[in-house]
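Novice: Sharing query.cif below, mmCIF, C-alpha atoms:
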data_protein
#
loop_
_atom_site.label_atom_id
_atom_site.label_comp_id
_atom_site.auth_asym_id
_atom_site.auth_seq_id
_atom_site.Cartn_x
_atom_site.Cartn_y
_atom_site.Cartn_z
CA MET A 854 17.23 -25.49 6.30
CA CYS A 855 16.35 -22.12 4.83
CA GLU A 856 16.19 -22.21 1.05
CA LEU A 857 19.42 -21.17 -0.61
CA ALA A 858 19.68 -19.10 -3.76
CA PRO A 859 20.94 -21.04 -6.82
CA TRP A 860 24.45 -19.54 -6.79
CA LEU A 861 24.92 -20.60 -3.14
CA LEU A 862 24.12 -24.27 -3.70
CA ASN A 863 27.48 -25.35 -5.13
CA PRO A 864 29.60 -23.95 -2.27
CA PHE A 865 27.14 -25.37 0.27
CA HIS A 866 27.27 -28.84 -1.29
CA GLU A 867 31.06 -28.61 -1.34
CA PHE A 868 30.94 -27.89 2.38
CA VAL A 869 28.55 -30.80 3.01
CA SER A 870 30.82 -33.14 1.05
CA ALA A 871 33.96 -32.01 2.89
CA PHE A 872 32.16 -32.43 6.21
CA ALA A 873 30.99 -35.96 5.33
CA GLN A 874 34.49 -36.96 4.22
CA ARG A 875 36.06 -35.42 7.34
CA ARG A 876 38.17 -33.05 5.23
CA LEU A 877 37.23 -29.94 7.19
CA PRO A 878 39.89 -28.38 9.41
CA GLY A 879 38.79 -26.35 12.40
CA SER A 880 38.65 -23.05 10.48
CA LEU A 881 36.76 -22.21 7.32
CA ILE A 882 36.88 -18.99 5.30
CA LEU A 883 33.82 -18.07 3.27
CA SER A 884 34.84 -15.55 0.61
CA CYS A 885 31.79 -13.78 -0.76
CA ALA A 886 31.10 -10.35 -2.24
CA ASN A 887 28.60 -8.09 -0.50
CA GLY A 888 24.98 -8.75 -1.27
CA LEU A 889 25.29 -12.35 -2.49
CA GLY A 890 23.78 -13.91 0.63
CA SER A 891 26.82 -15.06 2.62
CA GLU A 892 24.70 -14.78 5.78
CA PHE A 893 22.30 -17.46 4.51
CA LEU A 894 25.15 -19.75 3.47
CA ALA A 895 26.94 -19.38 6.81
CA ALA A 896 23.69 -20.11 8.69
CA ASN A 897 23.19 -23.33 6.77
CA MET A 898 26.78 -24.40 7.34
CA ALA A 899 26.47 -23.85 11.08
CA LYS A 900 23.19 -25.74 11.20
CA HIS A 901 24.59 -28.67 9.21
CA TYR A 902 27.69 -28.92 11.40
CA LEU A 903 25.65 -28.97 14.63
CA CYS A 904 22.77 -31.09 13.28
CA HIS A 905 22.25 -34.43 15.05
CA ALA A 906 21.03 -36.13 11.86
CA PRO A 907 22.61 -34.41 8.84
CA THR A 908 21.83 -35.73 5.36
CA ASP A 909 23.79 -35.55 2.13
CA GLN A 910 21.64 -32.53 1.22
CA GLY A 911 22.00 -30.54 4.43
CA PRO A 912 20.74 -30.37 8.04
CA CYS A 913 17.60 -32.29 8.92
CA GLY A 914 15.84 -29.19 10.26
CA HIS A 915 13.93 -31.16 12.91
CA CYS A 916 16.41 -32.29 15.54
CA ARG A 917 16.92 -30.54 18.85
CA ALA A 918 20.04 -28.73 17.57
CA CYS A 919 18.36 -27.43 14.41
CA LEU A 920 15.35 -26.15 16.34
CA ALA A 921 17.56 -24.54 18.97
CA LEU A 922 19.50 -22.68 16.28
CA GLU A 923 16.32 -21.46 14.63
CA ASN A 924 15.08 -20.14 17.97
CA GLY A 925 18.40 -18.53 18.87
CA GLU A 926 18.84 -20.81 21.87
CA HIS A 927 21.69 -23.12 20.85
CA PRO A 928 24.32 -22.94 23.62
CA ASP A 929 27.15 -24.09 21.34
CA PHE A 930 26.76 -21.40 18.70
CA ILE A 931 28.90 -18.27 19.02
CA ARG A 932 28.37 -15.19 16.87
CA VAL A 933 31.10 -12.57 16.54
CA PRO A 934 29.80 -9.47 14.72
CA ALA A 935 31.66 -6.41 13.51
CA THR A 936 30.57 -3.26 15.34
CA LEU A 937 30.94 0.47 14.88
CA ALA A 938 33.84 2.11 16.64
CA ASP A 939 31.50 3.83 19.13
CA GLU A 940 28.90 1.05 19.32
CA VAL A 941 28.25 -0.60 22.66
CA LYS A 942 29.89 -4.01 22.77
CA PRO A 943 27.25 -6.70 22.08
CA GLN A 944 26.67 -9.69 24.30
CA ASP A 945 28.86 -12.15 22.46
CA GLY A 946 27.01 -15.22 21.28
CA LYS A 947 23.61 -14.06 22.50
CA GLN A 948 20.89 -14.15 19.86
CA SER A 949 17.36 -13.22 20.80
CA ASN A 950 15.86 -13.55 17.33
CA GLY A 951 17.42 -16.74 16.01
CA LEU A 952 20.55 -17.61 14.07
CA LEU A 953 19.43 -16.49 10.64
CA ARG A 954 17.84 -13.25 11.84
CA THR A 955 20.99 -12.08 13.60
CA LEU A 956 23.20 -12.91 10.64
CA VAL A 957 20.87 -11.06 8.27
CA ASP A 958 20.87 -8.09 10.63
CA ASP A 959 24.66 -8.05 10.40
CA ALA A 960 24.54 -8.23 6.63
CA SER A 961 22.15 -5.28 6.43
CA LYS A 962 25.03 -3.08 7.58
CA GLU A 963 27.48 -4.24 4.96
CA HIS A 964 27.05 -1.28 2.61
CA SER A 965 27.61 1.25 5.38
CA ALA A 966 30.41 3.68 4.67
CA VAL A 967 31.25 3.87 8.39
CA GLN A 968 34.22 1.75 9.39
CA ARG A 969 33.46 -1.19 11.66
CA TYR A 970 35.71 -3.51 13.61
CA VAL A 971 35.75 -7.04 14.97
CA ARG A 972 36.71 -6.25 18.52
CA ILE A 973 39.48 -8.08 20.31
CA ALA A 974 37.17 -8.46 23.32
CA SER A 975 34.66 -10.29 21.13
CA LEU A 976 37.37 -12.60 19.78
CA ARG A 977 38.64 -13.37 23.28
CA ALA A 978 35.09 -14.13 24.40
CA MET A 979 34.76 -16.52 21.45
CA GLN A 980 38.08 -18.12 22.36
CA GLU A 981 36.90 -18.67 25.91
CA ARG A 982 33.55 -20.14 24.91
CA ILE A 983 34.86 -22.63 22.34
CA SER A 984 37.35 -23.92 24.89
CA GLU A 985 34.42 -25.11 27.03
CA SER A 986 32.71 -28.47 26.58
CA ALA A 987 29.83 -28.58 24.14
CA ALA A 988 26.55 -28.26 26.05
CA MET A 989 24.68 -30.43 23.53
CA GLY A 990 27.63 -32.75 23.18
CA HIS A 991 27.85 -32.49 19.40
CA GLY A 992 30.35 -29.71 18.70
CA LYS A 993 30.58 -25.93 18.57
CA VAL A 994 30.40 -23.35 15.78
CA ALA A 995 31.55 -19.73 15.80
CA ILE A 996 30.72 -17.38 12.93
CA ILE A 997 32.81 -14.23 12.55
CA SER A 998 30.83 -11.84 10.38
CA ASP A 999 32.85 -9.37 8.28
CA ALA A 1000 36.15 -11.01 9.15
CA GLN A 1001 37.91 -8.51 6.88
CA PHE A 1002 37.38 -6.01 9.70
CA MET A 1003 39.58 -7.94 12.14
CA PRO A 1004 42.55 -5.70 12.99
CA PRO A 1005 45.81 -7.69 12.72
CA SER A 1006 46.50 -7.10 16.42
CA ALA A 1007 43.14 -8.65 17.35
CA ALA A 1008 43.60 -11.61 15.02
CA ASN A 1009 47.13 -12.22 16.31
CA ALA A 1010 45.87 -12.23 19.89
CA VAL A 1011 43.80 -15.36 19.22
CA LEU A 1012 45.87 -16.76 16.36
CA LYS A 1013 46.46 -20.10 18.08
CA THR A 1014 42.70 -20.66 18.23
CA PHE A 1015 42.37 -20.04 14.48
CA GLU A 1016 45.25 -22.37 13.71
CA GLU A 1017 44.23 -25.18 16.07
CA PRO A 1018 40.63 -24.87 17.30
CA PRO A 1019 39.45 -27.34 19.95
CA GLU A 1020 38.21 -30.72 18.73
CA ASN A 1021 34.72 -30.78 17.14
CA THR A 1022 34.78 -27.01 16.68
CA LEU A 1023 34.33 -25.02 13.50
CA ILE A 1024 35.17 -21.33 13.12
CA ILE A 1025 33.55 -19.80 10.03
CA MET A 1026 35.07 -16.51 8.91
CA VAL A 1027 32.88 -14.62 6.44
CA THR A 1028 34.86 -12.09 4.42
CA THR A 1029 34.67 -10.01 1.28
CA SER A 1030 38.46 -10.07 0.89
CA LEU A 1031 40.88 -12.93 1.44
CA ASP A 1032 43.75 -10.45 1.24
CA ALA A 1033 42.49 -8.77 4.43
CA LEU A 1034 43.19 -11.89 6.52
CA LEU A 1035 46.52 -12.90 8.01
CA PRO A 1036 48.57 -15.31 5.85
CA THR A 1037 48.84 -17.74 8.76
CA ILE A 1038 45.03 -17.91 9.01
CA LEU A 1039 44.70 -18.38 5.26
CA SER A 1040 47.22 -21.19 5.18
CA ARG A 1041 45.40 -23.34 7.75
CA ALA A 1042 41.74 -22.73 6.85
CA TYR A 1043 39.46 -24.44 4.35
CA LYS A 1044 38.46 -21.84 1.76
CA LEU A 1045 35.13 -21.58 -0.03
CA ARG A 1046 34.54 -18.93 -2.70
CA VAL A 1047 31.10 -17.81 -3.84
CA ALA A 1048 30.72 -16.80 -7.48
CA GLY A 1049 27.85 -14.42 -8.16
CA PRO A 1050 25.07 -15.03 -10.69
CA SER A 1051 24.87 -13.58 -14.18
CA PHE A 1052 22.70 -10.50 -14.67
CA SER A 1053 19.88 -12.59 -16.16
CA GLU A 1054 20.07 -15.13 -13.32
CA ALA A 1055 20.04 -12.36 -10.73
CA LYS A 1056 17.06 -10.70 -12.42
CA ASP A 1057 15.14 -13.99 -12.56
CA PHE A 1058 15.79 -14.47 -8.85
CA LEU A 1059 14.53 -10.97 -8.02
CA GLU A 1060 11.43 -11.33 -10.20
CA LYS A 1061 10.46 -14.45 -8.24
CA LYS A 1062 11.29 -12.86 -4.90
CA LEU A 1063 9.64 -9.50 -5.64
CA PRO A 1064 6.97 -10.26 -8.25
CA THR A 1065 5.14 -6.94 -7.84
CA THR A 1066 8.20 -4.72 -8.35
CA ALA A 1067 8.55 -3.02 -11.73
CA LYS A 1068 11.12 -4.59 -14.05
CA GLU A 1069 12.95 -1.30 -14.59
CA GLN A 1070 13.37 -0.84 -10.84
CA LEU A 1071 14.71 -4.40 -10.42
CA GLU A 1072 17.27 -3.81 -13.15
CA LEU A 1073 18.24 -0.42 -11.74
CA ALA A 1074 18.73 -1.89 -8.26
CA LEU A 1075 20.90 -4.69 -9.67
CA CYS A 1076 23.04 -2.22 -11.60
CA LEU A 1077 23.68 -0.11 -8.53
CA SER A 1078 24.37 -3.18 -6.35
CA TYR A 1079 27.12 -4.61 -8.60
CA ASN A 1080 24.74 -7.37 -9.71
CA ALA A 1081 24.31 -8.63 -6.12
CA PRO A 1082 20.68 -9.78 -5.67
CA TYR A 1083 20.43 -9.36 -1.90
CA GLY A 1084 22.12 -5.98 -2.19
CA ALA A 1085 19.44 -5.07 -4.74
CA VAL A 1086 16.72 -6.21 -2.33
CA ARG A 1087 18.13 -3.95 0.38
CA LEU A 1088 18.24 -1.06 -2.06
CA LEU A 1089 14.65 -1.65 -3.15
CA ASN A 1090 13.48 -1.77 0.46
CA SER A 1091 15.53 1.18 1.73
CA ALA A 1092 14.02 4.46 2.84
CA PHE A 1093 15.75 7.60 4.06
CA LYS A 1094 14.93 11.13 5.08
CA VAL A 1095 14.83 13.92 2.53
CA GLY A 1096 14.32 17.08 4.54
CA LYS A 1097 11.57 16.34 7.06
CA SER A 1098 9.91 13.53 5.11
CA GLU A 1099 10.90 9.92 4.59
CA ARG A 1100 11.03 8.62 1.04
CA GLN A 1101 11.81 5.31 -0.61
CA LEU A 1102 15.35 5.36 -1.94
CA MET A 1103 14.27 3.91 -5.29
CA ASP A 1104 11.79 6.75 -5.81
CA VAL A 1105 14.56 9.28 -5.28
CA LEU A 1106 16.85 7.37 -7.65
CA VAL A 1107 14.21 7.17 -10.38
CA ASN A 1108 13.49 10.88 -9.99
CA ALA A 1109 17.22 11.61 -10.36
CA LEU A 1110 17.37 9.54 -13.55
CA ARG A 1111 14.28 11.21 -15.00
CA THR A 1112 15.81 14.62 -14.27
CA LEU A 1113 19.10 13.49 -15.82
CA ALA A 1114 17.25 12.45 -18.97
CA ALA A 1115 15.55 15.85 -19.11
CA PHE A 1116 18.94 17.54 -18.72
CA PHE A 1117 20.46 15.63 -21.64
CA GLU A 1118 17.40 16.51 -23.72
CA ASP A 1119 17.71 20.21 -22.78
CA ARG A 1120 14.38 20.14 -20.95
CA THR A 1121 15.72 21.16 -17.56
CA SER A 1122 18.62 23.09 -16.09
CA LEU A 1123 21.84 21.80 -14.58
CA ASP A 1124 20.81 23.38 -11.27
CA LYS A 1125 17.66 21.25 -11.12
CA LEU A 1126 19.65 18.13 -11.97
CA ILE A 1127 22.12 18.87 -9.17
CA ASP A 1128 19.24 19.37 -6.74
CA ALA A 1129 17.89 15.93 -7.69
CA LEU A 1130 21.28 14.24 -7.30
CA LYS A 1131 22.68 15.82 -4.16
CA VAL A 1132 19.94 14.43 -1.92
CA LEU A 1133 21.31 10.94 -2.62
CA PRO A 1134 23.98 9.46 -0.35
CA SER A 1135 27.31 10.44 -1.92
CA GLU A 1136 28.46 6.86 -2.49
CA LEU A 1137 25.20 5.99 -4.23
CA CYS A 1138 25.31 9.15 -6.33
CA SER A 1139 28.84 8.26 -7.43
CA ARG A 1140 27.81 4.69 -8.20
CA LEU A 1141 24.89 5.93 -10.32
CA LEU A 1142 27.13 8.27 -12.32
CA GLU A 1143 29.73 5.52 -12.72
CA GLU A 1144 27.16 3.13 -14.16
CA ILE A 1145 25.93 5.81 -16.57
CA ILE A 1146 29.49 6.21 -17.85
CA PHE A 1147 29.91 2.44 -18.25
CA GLU A 1148 26.65 2.10 -20.14
CA ALA A 1149 27.47 5.06 -22.39
CA LEU A 1150 30.82 3.48 -23.26
CA LYS A 1151 29.21 0.09 -23.87
CA TYR A 1152 26.58 1.67 -26.11
CA LYS A 1153 29.27 3.46 -28.09
CA ALA A 1154 31.04 0.10 -28.44
CA GLY A 1155 27.95 -1.47 -29.99
CA VAL A 1156 26.25 -3.18 -27.02
CA LYS A 1157 22.49 -3.39 -27.61
CA ARG A 1158 20.19 -1.17 -25.56
CA GLU A 1159 18.34 -4.22 -24.21
CA ARG A 1160 21.49 -5.18 -22.31
CA LEU A 1161 21.91 -1.73 -20.77
CA PRO A 1162 19.34 -1.29 -17.97
CA LEU A 1163 19.81 2.46 -17.45
CA MET A 1164 19.01 3.11 -21.08
CA SER A 1165 15.32 2.59 -20.29
CA PHE A 1166 15.55 5.86 -18.32
CA LEU A 1167 18.02 7.83 -20.43
CA PRO A 1168 18.13 9.25 -24.00
CA TYR A 1169 20.67 6.83 -25.45
CA ASP A 1170 20.96 8.85 -28.68
CA ARG A 1171 22.19 11.88 -26.70
CA LEU A 1172 24.63 9.78 -24.65
CA ALA A 1173 26.11 8.40 -27.87
CA PHE A 1174 27.46 11.86 -28.69
CA LEU A 1175 29.49 12.15 -25.47
CA GLN A 1176 33.20 12.05 -26.21
CA ALA A 1177 34.99 8.89 -25.01
CA ALA A 1178 37.85 11.01 -23.61
CA ASN A 1179 35.34 12.97 -21.50
CA LEU A 1180 33.74 9.74 -20.30
CA PHE A 1181 37.05 8.27 -19.17
CA ALA A 1182 38.11 11.53 -17.52
CA SER A 1183 34.75 11.76 -15.73
CA ARG A 1184 35.17 8.22 -14.46
CA ARG A 1185 38.46 9.24 -12.83
CA ASP A 1186 36.90 12.38 -11.35
CA LEU A 1187 34.20 10.43 -9.52
CA LYS A 1188 36.58 10.06 -6.59
CA PHE A 1189 35.89 13.72 -5.81
CA ILE A 1190 32.15 13.04 -5.54
CA ALA A 1191 32.11 9.82 -3.52
CA THR A 1192 33.03 10.43 0.09
CA ALA A 1193 33.36 7.61 2.56
CA ALA A 1194 34.58 7.37 6.12
CA PRO A 1195 37.06 8.31 7.41
CA MET A 1196 37.09 11.15 4.85
CA PRO A 1197 35.01 14.20 5.85
CA PRO A 1198 31.88 14.88 3.77
CA SER A 1199 32.20 17.29 0.89
CA ARG A 1200 31.48 20.93 1.74
CA ALA A 1201 30.55 21.78 -1.81
CA PRO A 1202 28.67 18.85 -3.40
CA ALA A 1203 26.77 21.15 -5.77
CA ALA A 1204 29.97 22.77 -7.08
CA GLN A 1205 31.61 19.37 -7.58
CA LEU A 1206 28.62 18.00 -9.45
CA ARG A 1207 28.41 21.12 -11.62
CA THR A 1208 32.07 20.86 -12.62
CA TRP A 1209 31.71 17.13 -13.25
CA PHE A 1210 28.77 17.53 -15.65
CA LEU A 1211 30.36 20.45 -17.47
CA LYS A 1212 33.45 18.30 -18.11
CA LEU A 1213 31.35 15.30 -19.11
CA THR A 1214 29.38 17.25 -21.69
CA GLY A 1215 32.45 19.10 -23.01
CA ARG A 1216 31.32 22.50 -21.81
CA LEU A 1217 34.39 23.04 -19.64
#
How does the structure come out when it is put into structure tokens?

Specialist:
Amino acid sequence: MCELAPWLLNPFHEFVSAFAQRRLPGSLILSCANGLGSEFLAANMAKHYLCHAPTDQGPCGHCRACLALENGEHPDFIRVPATLADEVKPQDGKQSNGLLRTLVDDASKEHSAVQRYVRIASLRAMQERISESAAMGHGKVAIISDAQFMPPSAANAVLKTFEEPPENTLIIMVTTSLDALLPTILSRAYKLRVAGPSFSEAKDFLEKKLPTTAKEQLELALCLSYNAPYGAVRLLNSAFKVGKSERQLMDVLVNALRTLAAFFEDRTSLDKLIDALKVLPSELCSRLLEEIIFEALKYKAGVKRERLPLMSFLPYDRLAFLQAANLFASRRDLKFIATAAPMPPSRAPAAQLRTWFLKLTGRL
């Protein structure tokens, strides 16, 4: 069994207990926010269900089923990913790099602004495969990644399978939103919810996982990932092209914050600040500005600087003079900066950012 993060242990042990007491129906819904590690939890659930010698702590990790899953060769495991609208349909259930690797690959796409779908063809292929006899004779597991992307028409097409899966079969639906699933699916399935860690717990986890990363970068990544540790890891490891060169995303973010600090201290122009911000993906730029507003409001409300990670980059004394009315208005105006599919990208990001900062600082 791959090691689970502390906040995933309780839901996993709940699953193990329900399995041992035969309280599991054929469908299970794993409700988990992005970046908390739902892919690791789902992998362990699948392995435990198919394990030939499960313990009260989890799968044995040594039996033929456990080894087959690790190697991506278990014939009774079916994976149903969400794909881009124009992406070539994957070979359903085929995993060349092992169970955990494929699930993590799916999770790496979860912050993409491009809409994805769980295809009806993939669901029908799953339906067909779980109706067959188990090759290893111990049961079958299907994991539907990003189940919130199942169109109602696709889910309805295989609704009977969700409601009454074949014997010794478990369908795990991983979702960020229970409301996105059909009521009939919700009513029949066993539901597990994952609560995220506190900021200090998340930071402790990251410090152990990435011991050489600077503390200020860990805290910044957590802030911009909604306190989701695995989302922060992706952010810390991300690189993207700026012009013709490739740069680490965190370097670009830190540069933007340094330039923002210089702007508030009247050491640089608004034009240079806009240049530093507009190279960021629009969603990330909006998230950064949103967090700055939140921290400014918290600081004005008396929250100590030590509990405000962005304050290590910014001149908190200058932010304290921003008017609360301007902060709240700027928070509402962020919708004009963040663009996500299917909306077209902004044609005038510089003009929008200029207007936003002029309103924030009371100059407009």

Novice: What gap, in Å, lies between atom CA of A:Leu1059 and atom CA of A:Leu1071?

Specialist: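 Those two atoms sit 7.0 Å apart.
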
Novice: Please expand the PyMOL selection byres ((chain A and resi 1070) around 10) into the concrete residues it hits in this file, giving the result as a list in words.

Specialist: Thr1066, Ala1067, Lys1068, Glu1069, Leu1071, Glu1072, Leu1073, Ala1074, Leu1075, Cys1076, Ala1085, Leu1089, Met1103, Asp1104, Leu1106, Val1107, Pro1162 and Leu1163 of chain A

Novice: Got a sec to resolve the PyMOL selection byres ((chain A and resi 930-933) around 6) on this structure and send the residues as a list of chain:residue names?

Specialist: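 Selection result, ordered by chain and number: A:His927, A:Pro928, A:Asp929, A:Pro934, A:Gly946, A:Lys993, A:Val994, A:Ala995, A:Ile996, A:Ile997.
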
Novice: What's the 9 Å shell around A:Arg972, counting only C-alpha atoms, without same-chain residues fewer than 6 positions away, as a list in words?

Specialist: Val933, Pro934, Ala935, Thr936, Lys942, Phe1002, Met1003, Pro1004 and Ala1007 of chain A

Novice: Taking only C-alpha atoms into account, which of A:Ser1051, A:Asn1080, A:Thr1022, A:Ser1122 comes nearest A:His991?

Specialist: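 Of A:Ser1051, A:Asn1080, A:Thr1022, A:Ser1122, the one nearest A:His991 is A:Thr1022, counting only C-alpha atoms.
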
Novice: Counting all atoms listed in the file, I want the residues whose atoms come within 12 Å of (40.6, -4.1, 13.0) in the file frame, returned as a ChimeraX atom specification.

Specialist: /A:935-938,968-976,999-1010,1033-1035

Novice: Enter the distance from atom CA of A:Phe1015 to atom CA of A:Glu981, in Å, rounded to one decimal.

Specialist: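 These two atoms are separated by 12.7 Å.
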
Novice: Name the residues in contact with stretch 1169-1183 of chain A at a cut-off of 7 Å, using all atoms listed in the file, excluding same-chain residues fewer than 5 positions from it; report them as a list in words.

Specialist: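 Answer for this query is Phe1117, Ile1146, Ala1149, Tyr1152, Lys1153, Met1164, Trp1209, Lys1212, Leu1213, Thr1214 and Gly1215 of chain A.
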
Novice: Between atom CA of A:Val1027 and atom CA of A:Ser998, what is the spacing in Å?

Specialist: 5.2 Å

Novice: Do you know which residues the PyMOL selection byres ((chain A and resi 906) around 12) returns on this file, as a VMD selection string?

Specialist: chain A and resid 873 900 to 905 907 to 919 991

Novice: Atoms to include: C-alpha atoms. Write the selected residues as a PDB file, in the coordinates of the input.

Specialist:
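Saved the output as again_23.pdb:
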ATOM      1  CA  ALA A 873      30.990 -35.960   5.330  1.00  0.00           C
ATOM      2  CA  LYS A 900      23.190 -25.740  11.200  1.00  0.00           C
ATOM      3  CA  HIS A 901      24.590 -28.670   9.210  1.00  0.00           C
ATOM      4  CA  TYR A 902      27.690 -28.920  11.400  1.00  0.00           C
ATOM      5  CA  LEU A 903      25.650 -28.970  14.630  1.00  0.00           C
ATOM      6  CA  CYS A 904      22.770 -31.090  13.280  1.00  0.00           C
ATOM      7  CA  HIS A 905      22.250 -34.430  15.050  1.00  0.00           C
ATOM      8  CA  PRO A 907      22.610 -34.410   8.840  1.00  0.00           C
ATOM      9  CA  THR A 908      21.830 -35.730   5.360  1.00  0.00           C
ATOM     10  CA  ASP A 909      23.790 -35.550   2.130  1.00  0.00           C
ATOM     11  CA  GLN A 910      21.640 -32.530   1.220  1.00  0.00           C
ATOM     12  CA  GLY A 911      22.000 -30.540   4.430  1.00  0.00           C
ATOM     13  CA  PRO A 912      20.740 -30.370   8.040  1.00  0.00           C
ATOM     14  CA  CYS A 913      17.600 -32.290   8.920  1.00  0.00           C
ATOM     15  CA  GLY A 914      15.840 -29.190  10.260  1.00  0.00           C
ATOM     16  CA  HIS A 915      13.930 -31.160  12.910  1.00  0.00           C
ATOM     17  CA  CYS A 916      16.410 -32.290  15.540  1.00  0.00           C
ATOM     18  CA  ARG A 917      16.920 -30.540  18.850  1.00  0.00           C
ATOM     19  CA  ALA A 918      20.040 -28.730  17.570  1.00  0.00           C
ATOM     20  CA  CYS A 919      18.360 -27.430  14.410  1.00  0.00           C
ATOM     21  CA  HIS A 991      27.850 -32.490  19.400  1.00  0.00           C
TER      22      HIS A 991
END

Novice: Please list as a PyMOL selection string every residue within 7 Å of stretch 1126-1134 of chain A, counting only C-alpha atoms and excluding residues in the same chain fewer than 4 positions away.

Specialist: chain A and resi 1095+1109+1112-1113+1116+1122+1138+1202-1203+1206

Novice: So which one's closest to A:Phe872, A:Val1086, A:Ala899, A:Val1156, A:Ile1190? Using all atoms listed in the file, please.

Specialist: A:Ala899

Novice: Go ahead and fit an axis-aligned box to every listed atom of stretch 1050-1065 of chain A plus 4 Å each side, and pass me the centre and edge lengths in Å, one decimal, as lines of an AutoDock Vina configuration file.

Specialist:
center_x = 15.1
center_y = -11.0
center_z = -10.5
size_x = 27.9
size_y = 16.2
size_z = 19.3

Novice: Name the closest residue to A:Leu861 among the candidates A:Met979, A:Leu1063, A:Leu894, A:Ala1115; distances are taken between atoms, counting only C-alpha atoms.

Specialist: A:Leu894

Novice: Compare A:Leu1045, A:Asn897, A:Gly879, A:Arg1087 by their minimum atom-to-atom distance to A:Pro864, counting all atoms listed in the file, and give me the closest one.

Specialist: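 Among the listed residues, the smallest separation from A:Pro864 belongs to A:Leu1045.
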
Novice: Can you work out which one of A:Glu1054, A:Gly1049, A:Thr1014, A:Leu857 has the shortest atom-to-atom distance to A:Thr1037, counting only C-alpha atoms?

Specialist: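 Checking each of A:Glu1054, A:Gly1049, A:Thr1014, A:Leu857 against A:Thr1037, counting only C-alpha atoms, the winner is A:Thr1014.
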
Novice: As a CSV table (one decimal) with C-alpha atoms, keeping the file's coordinate frame, please: the residues near A:Ala1092 (cut-off 7 Å, all atoms listed in the file, same-chain neighbours under 3 positions excluded).

Specialist:
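So the final result, stored in part_29.csv, reads:
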chain,number,residue,atom,x,y,z
A,1099,GLU,CA,10.9,9.9,4.6
A,1100,ARG,CA,11.0,8.6,1.0
A,1101,GLN,CA,11.8,5.3,-0.6
A,1102,LEU,CA,15.4,5.4,-1.9

Novice: Restricting the calculation to all atoms listed in the file, which member of A:Ala1204, A:Ala987, A:Ala1042, A:Ile882 is positioned closest to A:Phe1189?

Specialist: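 When distances to A:Phe1189 are compared using all atoms listed in the file, the smallest one comes from A:Ala1204.
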
Novice: In file coordinates, which residues lie within 12 Å of (29.4, -8.2, -1.4) using all atoms listed in the file, given as a PyMOL selection string?

Specialist: chain A and resi 883-892+960-965+999+1001+1027-1030+1046-1049+1078-1085
